[in-house]
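Below is entry17.cif, holding mmCIF, N, CA and C atoms.
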```cif
data_work
loop_
_atom_site.label_atom_id
_atom_site.label_comp_id
_atom_site.auth_asym_id
_atom_site.auth_seq_id
_atom_site.Cartn_x
_atom_site.Cartn_y
_atom_site.Cartn_z
N VAL A 1 -98.15 -127.58 40.51
CA VAL A 1 -97.01 -126.73 40.80
C VAL A 1 -96.51 -127.12 42.17
N ARG A 2 -95.28 -127.50 42.24
CA ARG A 2 -94.76 -127.98 43.50
C ARG A 2 -94.39 -126.87 44.46
N ALA A 3 -93.45 -126.15 44.39
CA ALA A 3 -92.97 -125.27 45.44
C ALA A 3 -93.66 -123.91 45.47
N ALA A 4 -94.81 -123.79 44.89
CA ALA A 4 -95.50 -122.50 44.86
C ALA A 4 -96.33 -122.31 46.12
N ASP A 5 -96.43 -121.08 46.54
CA ASP A 5 -97.28 -120.71 47.67
C ASP A 5 -98.73 -120.71 47.18
N SER A 6 -99.60 -121.44 47.84
CA SER A 6 -100.99 -121.56 47.38
C SER A 6 -101.70 -120.21 47.32
N ARG A 7 -101.23 -119.21 48.05
CA ARG A 7 -101.86 -117.89 47.99
C ARG A 7 -101.57 -117.20 46.66
N MET A 8 -100.59 -117.70 45.91
CA MET A 8 -100.23 -117.11 44.62
C MET A 8 -100.99 -117.76 43.47
N LEU A 9 -101.74 -118.81 43.75
CA LEU A 9 -102.42 -119.56 42.70
C LEU A 9 -103.92 -119.39 42.79
N SER A 10 -104.58 -119.44 41.66
CA SER A 10 -106.03 -119.45 41.67
C SER A 10 -106.53 -120.21 40.45
N VAL A 11 -107.69 -120.80 40.61
CA VAL A 11 -108.34 -121.51 39.52
C VAL A 11 -109.32 -120.54 38.89
N ILE A 12 -109.27 -120.43 37.59
CA ILE A 12 -110.11 -119.47 36.88
C ILE A 12 -111.15 -120.22 36.05
N SER A 13 -112.37 -119.79 36.16
CA SER A 13 -113.46 -120.41 35.39
C SER A 13 -113.40 -119.98 33.93
N LEU A 14 -113.93 -120.82 33.08
CA LEU A 14 -114.07 -120.44 31.68
C LEU A 14 -115.17 -119.41 31.58
N ASP A 15 -114.99 -118.45 30.70
CA ASP A 15 -116.01 -117.42 30.54
C ASP A 15 -116.09 -116.97 29.09
N VAL A 16 -116.98 -116.05 28.82
CA VAL A 16 -117.20 -115.57 27.45
C VAL A 16 -115.95 -114.91 26.90
N ASP A 17 -115.24 -114.12 27.70
CA ASP A 17 -114.03 -113.45 27.23
C ASP A 17 -112.99 -114.46 26.76
N ALA A 18 -112.85 -115.54 27.49
CA ALA A 18 -111.90 -116.58 27.09
C ALA A 18 -112.34 -117.23 25.79
N ALA A 19 -113.63 -117.49 25.67
CA ALA A 19 -114.13 -118.09 24.43
C ALA A 19 -113.89 -117.18 23.23
N LEU A 20 -114.10 -115.89 23.42
CA LEU A 20 -113.86 -114.94 22.34
C LEU A 20 -112.37 -114.84 22.01
N ALA A 21 -111.52 -115.00 23.01
CA ALA A 21 -110.07 -114.93 22.80
C ALA A 21 -109.55 -116.09 21.95
N LEU A 22 -110.33 -117.14 21.83
CA LEU A 22 -109.93 -118.26 20.97
C LEU A 22 -109.65 -117.79 19.54
N ASP A 23 -110.43 -116.82 19.08
CA ASP A 23 -110.25 -116.30 17.71
C ASP A 23 -108.94 -115.55 17.54
N SER A 24 -108.35 -115.08 18.63
CA SER A 24 -107.12 -114.30 18.52
C SER A 24 -105.86 -115.16 18.58
N LEU A 25 -106.03 -116.47 18.78
CA LEU A 25 -104.85 -117.34 18.82
C LEU A 25 -104.23 -117.43 17.42
N PRO A 26 -102.91 -117.51 17.38
CA PRO A 26 -102.25 -117.63 16.07
C PRO A 26 -102.73 -118.89 15.33
N GLU A 27 -102.81 -118.81 14.03
CA GLU A 27 -103.23 -119.98 13.25
C GLU A 27 -102.27 -121.15 13.43
N SER A 28 -101.03 -120.84 13.76
CA SER A 28 -100.02 -121.88 13.93
C SER A 28 -100.17 -122.64 15.25
N PHE A 29 -100.99 -122.11 16.17
CA PHE A 29 -101.16 -122.78 17.46
C PHE A 29 -101.87 -124.10 17.23
N HIS A 30 -101.38 -125.15 17.87
CA HIS A 30 -101.90 -126.50 17.60
C HIS A 30 -103.37 -126.64 17.96
N GLY A 31 -103.99 -127.73 17.52
CA GLY A 31 -105.44 -127.88 17.59
C GLY A 31 -106.02 -128.52 18.83
N ASP A 32 -105.22 -128.80 19.85
CA ASP A 32 -105.78 -129.42 21.06
C ASP A 32 -106.77 -128.45 21.70
N PRO A 33 -108.06 -128.81 21.77
CA PRO A 33 -109.06 -127.88 22.29
C PRO A 33 -108.82 -127.44 23.73
N ALA A 34 -108.35 -128.35 24.57
CA ALA A 34 -108.10 -127.98 25.97
C ALA A 34 -106.96 -126.97 26.05
N ASP A 35 -105.87 -127.22 25.33
CA ASP A 35 -104.75 -126.28 25.34
C ASP A 35 -105.17 -124.93 24.78
N ARG A 36 -105.98 -124.93 23.75
CA ARG A 36 -106.43 -123.67 23.16
C ARG A 36 -107.25 -122.86 24.17
N MET A 37 -108.12 -123.54 24.93
CA MET A 37 -108.95 -122.84 25.91
C MET A 37 -108.10 -122.33 27.07
N ILE A 38 -107.13 -123.12 27.51
CA ILE A 38 -106.24 -122.70 28.60
C ILE A 38 -105.47 -121.44 28.19
N VAL A 39 -104.90 -121.46 27.01
CA VAL A 39 -104.12 -120.31 26.53
C VAL A 39 -105.03 -119.10 26.30
N ALA A 40 -106.19 -119.31 25.73
CA ALA A 40 -107.12 -118.21 25.49
C ALA A 40 -107.56 -117.57 26.81
N THR A 41 -107.76 -118.37 27.84
CA THR A 41 -108.15 -117.84 29.15
C THR A 41 -107.04 -116.98 29.73
N ALA A 42 -105.82 -117.45 29.67
CA ALA A 42 -104.69 -116.66 30.17
C ALA A 42 -104.55 -115.36 29.39
N ARG A 43 -104.70 -115.43 28.09
CA ARG A 43 -104.58 -114.22 27.26
C ARG A 43 -105.72 -113.24 27.55
N ALA A 44 -106.95 -113.75 27.70
CA ALA A 44 -108.10 -112.88 27.96
C ALA A 44 -107.95 -112.14 29.27
N ARG A 45 -107.31 -112.76 30.23
CA ARG A 45 -107.14 -112.14 31.55
C ARG A 45 -105.78 -111.47 31.70
N ALA A 46 -104.97 -111.49 30.66
CA ALA A 46 -103.62 -110.90 30.66
C ALA A 46 -102.79 -111.44 31.83
N LEU A 47 -102.87 -112.75 32.01
CA LEU A 47 -102.14 -113.41 33.10
C LEU A 47 -101.08 -114.34 32.55
N PRO A 48 -99.96 -114.48 33.27
CA PRO A 48 -98.97 -115.48 32.86
C PRO A 48 -99.50 -116.87 33.18
N LEU A 49 -99.07 -117.84 32.41
CA LEU A 49 -99.53 -119.21 32.57
C LEU A 49 -98.41 -120.09 33.10
N ALA A 50 -98.70 -120.86 34.15
CA ALA A 50 -97.75 -121.84 34.68
C ALA A 50 -98.07 -123.18 34.05
N THR A 51 -97.16 -123.69 33.23
CA THR A 51 -97.39 -124.97 32.56
C THR A 51 -96.07 -125.64 32.20
N HIS A 52 -96.12 -126.96 32.17
CA HIS A 52 -94.98 -127.74 31.67
C HIS A 52 -95.28 -128.27 30.28
N ASP A 53 -96.45 -127.96 29.74
CA ASP A 53 -96.85 -128.46 28.43
C ASP A 53 -95.90 -127.92 27.36
N LYS A 54 -95.21 -128.83 26.69
CA LYS A 54 -94.20 -128.42 25.70
C LYS A 54 -94.81 -127.69 24.52
N ALA A 55 -95.99 -128.12 24.08
CA ALA A 55 -96.62 -127.47 22.94
C ALA A 55 -97.00 -126.03 23.27
N ILE A 56 -97.53 -125.80 24.45
CA ILE A 56 -97.89 -124.43 24.85
C ILE A 56 -96.63 -123.60 25.03
N ARG A 57 -95.64 -124.15 25.72
CA ARG A 57 -94.41 -123.40 25.98
C ARG A 57 -93.70 -122.99 24.69
N SER A 58 -93.68 -123.87 23.72
CA SER A 58 -92.96 -123.57 22.48
C SER A 58 -93.77 -122.68 21.53
N SER A 59 -95.06 -122.53 21.78
CA SER A 59 -95.92 -121.77 20.87
C SER A 59 -95.68 -120.26 20.96
N ARG A 60 -95.24 -119.80 22.10
CA ARG A 60 -95.08 -118.36 22.35
C ARG A 60 -96.40 -117.60 22.20
N ALA A 61 -97.50 -118.30 22.37
CA ALA A 61 -98.82 -117.69 22.22
C ALA A 61 -99.30 -117.05 23.51
N VAL A 62 -98.58 -117.29 24.61
CA VAL A 62 -99.01 -116.78 25.91
C VAL A 62 -97.77 -116.49 26.75
N ARG A 63 -97.90 -115.50 27.61
CA ARG A 63 -96.81 -115.17 28.54
C ARG A 63 -96.74 -116.27 29.58
N LEU A 64 -95.53 -116.76 29.84
CA LEU A 64 -95.34 -117.85 30.80
C LEU A 64 -94.90 -117.32 32.15
N TRP A 65 -95.37 -117.98 33.20
CA TRP A 65 -94.97 -117.64 34.57
C TRP A 65 -93.59 -118.21 34.81
N ARG A 66 -92.72 -117.39 35.32
CA ARG A 66 -91.36 -117.81 35.65
C ARG A 66 -91.13 -117.51 37.12
N PRO A 67 -90.96 -118.57 37.92
CA PRO A 67 -90.76 -118.36 39.37
C PRO A 67 -89.46 -117.64 39.68
#
```
Do you think you could lay out the structure here as structure tokens?
Amino acid sequence: VRAADSRMLSVISLDVDAALALDSLPESFHGDPADRMIVATARARALPLATHDKAIRSSRAVRLWRP
């Protein structure tokens, strides 16, 4: 993320809640395991996701961060 204030960003570890949230992803969400875990983590924590990934953005499976 280029123009973001570093105080607004944090790195989140994978945890059990994120792993369990994998089951709640829509069946239509694509099969990339990394993308699935990223989206599940954001959903488990009810956080918006900052990403340029076209597959994630078009999936509507997660709330996106809008600056």
| Taking the backbone alone, and naming residues the way the document does, which bits of chain A are helix (DSSP H, G or I) by DSSP, as a PyMOL selection string? | chain A and resi 6-8+16-24+33-44+54-59
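Here atom CA of A:Met8 stands at a distance of 25.6 Å from atom CA of A:Leu22.
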| Counting only N, CA and C atoms, the option among A:Glu27, A:Arg57, A:Val62, A:Pro67 closest to A:Ala40 |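 Using only N, CA and C atoms, A:Ala40 sits closest to A:Val62.
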| Atomic separation - atom CA of A:Ala21 relative to atom CA of A:Leu49, Å | 15.0 Å
| task | For the structure provided, state which residues fall under the PyMOL selection byres (((chain A and resi 61 and name CA) around 9) and name CA), and present them as number ranges by chain. | result | A: 25-26, 29, 39-40, 43, 56-60, 62-63
Restricting it to N, CA and C atoms, dump the selection as a PDB file, in the frame of the given file.
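Output (result26.pdb):
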```pdb
ATOM      1  N   LEU A  25    -106.030-116.470  18.780  1.00  0.00           N
ATOM      2  CA  LEU A  25    -104.850-117.340  18.820  1.00  0.00           C
ATOM      3  C   LEU A  25    -104.230-117.430  17.420  1.00  0.00           C
ATOM      4  N   PRO A  26    -102.910-117.510  17.380  1.00  0.00           N
ATOM      5  CA  PRO A  26    -102.250-117.630  16.070  1.00  0.00           C
ATOM      6  C   PRO A  26    -102.730-118.890  15.330  1.00  0.00           C
ATOM      7  N   PHE A  29    -100.990-122.110  16.170  1.00  0.00           N
ATOM      8  CA  PHE A  29    -101.160-122.780  17.460  1.00  0.00           C
ATOM      9  C   PHE A  29    -101.870-124.100  17.230  1.00  0.00           C
ATOM     10  N   VAL A  39    -104.900-121.460  27.010  1.00  0.00           N
ATOM     11  CA  VAL A  39    -104.120-120.310  26.530  1.00  0.00           C
ATOM     12  C   VAL A  39    -105.030-119.100  26.300  1.00  0.00           C
ATOM     13  N   ALA A  40    -106.190-119.310  25.730  1.00  0.00           N
ATOM     14  CA  ALA A  40    -107.120-118.210  25.490  1.00  0.00           C
ATOM     15  C   ALA A  40    -107.560-117.570  26.810  1.00  0.00           C
ATOM     16  N   ARG A  43    -104.700-115.430  28.090  1.00  0.00           N
ATOM     17  CA  ARG A  43    -104.580-114.220  27.260  1.00  0.00           C
ATOM     18  C   ARG A  43    -105.720-113.240  27.550  1.00  0.00           C
ATOM     19  N   ILE A  56     -97.530-125.800  24.450  1.00  0.00           N
ATOM     20  CA  ILE A  56     -97.890-124.430  24.850  1.00  0.00           C
ATOM     21  C   ILE A  56     -96.630-123.600  25.030  1.00  0.00           C
ATOM     22  N   ARG A  57     -95.640-124.150  25.720  1.00  0.00           N
ATOM     23  CA  ARG A  57     -94.410-123.400  25.980  1.00  0.00           C
ATOM     24  C   ARG A  57     -93.700-122.990  24.690  1.00  0.00           C
ATOM     25  N   SER A  58     -93.680-123.870  23.720  1.00  0.00           N
ATOM     26  CA  SER A  58     -92.960-123.570  22.480  1.00  0.00           C
ATOM     27  C   SER A  58     -93.770-122.680  21.530  1.00  0.00           C
ATOM     28  N   SER A  59     -95.060-122.530  21.780  1.00  0.00           N
ATOM     29  CA  SER A  59     -95.920-121.770  20.870  1.00  0.00           C
ATOM     30  C   SER A  59     -95.680-120.260  20.960  1.00  0.00           C
ATOM     31  N   ARG A  60     -95.240-119.800  22.100  1.00  0.00           N
ATOM     32  CA  ARG A  60     -95.080-118.360  22.350  1.00  0.00           C
ATOM     33  C   ARG A  60     -96.400-117.600  22.200  1.00  0.00           C
ATOM     34  N   VAL A  62     -98.580-117.290  24.610  1.00  0.00           N
ATOM     35  CA  VAL A  62     -99.010-116.780  25.910  1.00  0.00           C
ATOM     36  C   VAL A  62     -97.770-116.490  26.750  1.00  0.00           C
ATOM     37  N   ARG A  63     -97.900-115.500  27.610  1.00  0.00           N
ATOM     38  CA  ARG A  63     -96.810-115.170  28.540  1.00  0.00           C
ATOM     39  C   ARG A  63     -96.740-116.270  29.580  1.00  0.00           C
TER      40      ARG A  63
END
```
| query | Could you state the separation of atom CA of A:Ser6 and atom CA of A:Arg36 in Å, given to one decimal place? | reply |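 Value for the atom CA of A:Ser6-atom CA of A:Arg36 distance: 24.9 Å.
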Per-axis box centre and lengths in Å around stretch 33-40 of chain A, 4 Å margin per side, axis-aligned, as lines of an AutoDock Vina configuration file:
```
center_x = -106.6
center_y = -123.2
center_z = 25.2
size_x = 12.9
size_y = 19.2
size_z = 14.8
```
| task | Do a neighbour search on A:Arg45 at 12 Å with only C-alpha atoms, toss out local chain neighbours closer than 6 positions, and write the hits as a PyMOL selection string. | result | chain A and resi 12-21+38-39+62-63
Let's have the selection written as a tab-separated table (two decimals), in the frame of the given file, with N, CA and C atoms.
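Output contents, as saved in again_17.tsv:
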```
chain	number	residue	atom	x	y	z
A	12	ILE	N	-109.27	-120.43	37.59
A	12	ILE	CA	-110.11	-119.47	36.88
A	12	ILE	C	-111.15	-120.22	36.05
A	13	SER	N	-112.37	-119.79	36.16
A	13	SER	CA	-113.46	-120.41	35.39
A	13	SER	C	-113.40	-119.98	33.93
A	14	LEU	N	-113.93	-120.82	33.08
A	14	LEU	CA	-114.07	-120.44	31.68
A	14	LEU	C	-115.17	-119.41	31.58
A	15	ASP	N	-114.99	-118.45	30.70
A	15	ASP	CA	-116.01	-117.42	30.54
A	15	ASP	C	-116.09	-116.97	29.09
A	16	VAL	N	-116.98	-116.05	28.82
A	16	VAL	CA	-117.20	-115.57	27.45
A	16	VAL	C	-115.95	-114.91	26.90
A	17	ASP	N	-115.24	-114.12	27.70
A	17	ASP	CA	-114.03	-113.45	27.23
A	17	ASP	C	-112.99	-114.46	26.76
A	18	ALA	N	-112.85	-115.54	27.49
A	18	ALA	CA	-111.90	-116.58	27.09
A	18	ALA	C	-112.34	-117.23	25.79
A	19	ALA	N	-113.63	-117.49	25.67
A	19	ALA	CA	-114.13	-118.09	24.43
A	19	ALA	C	-113.89	-117.18	23.23
A	20	LEU	N	-114.10	-115.89	23.42
A	20	LEU	CA	-113.86	-114.94	22.34
A	20	LEU	C	-112.37	-114.84	22.01
A	21	ALA	N	-111.52	-115.00	23.01
A	21	ALA	CA	-110.07	-114.93	22.80
A	21	ALA	C	-109.55	-116.09	21.95
A	38	ILE	N	-107.13	-123.12	27.51
A	38	ILE	CA	-106.24	-122.70	28.60
A	38	ILE	C	-105.47	-121.44	28.19
A	39	VAL	N	-104.90	-121.46	27.01
A	39	VAL	CA	-104.12	-120.31	26.53
A	39	VAL	C	-105.03	-119.10	26.30
A	62	VAL	N	-98.58	-117.29	24.61
A	62	VAL	CA	-99.01	-116.78	25.91
A	62	VAL	C	-97.77	-116.49	26.75
A	63	ARG	N	-97.90	-115.50	27.61
A	63	ARG	CA	-96.81	-115.17	28.54
A	63	ARG	C	-96.74	-116.27	29.58
```
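For the residues A:Ala34, A:Ser28, A:Trp65, A:Arg7, ranking by smallest atom-to-atom distance to A:Ala46 using only C-alpha atoms places A:Trp65 first.
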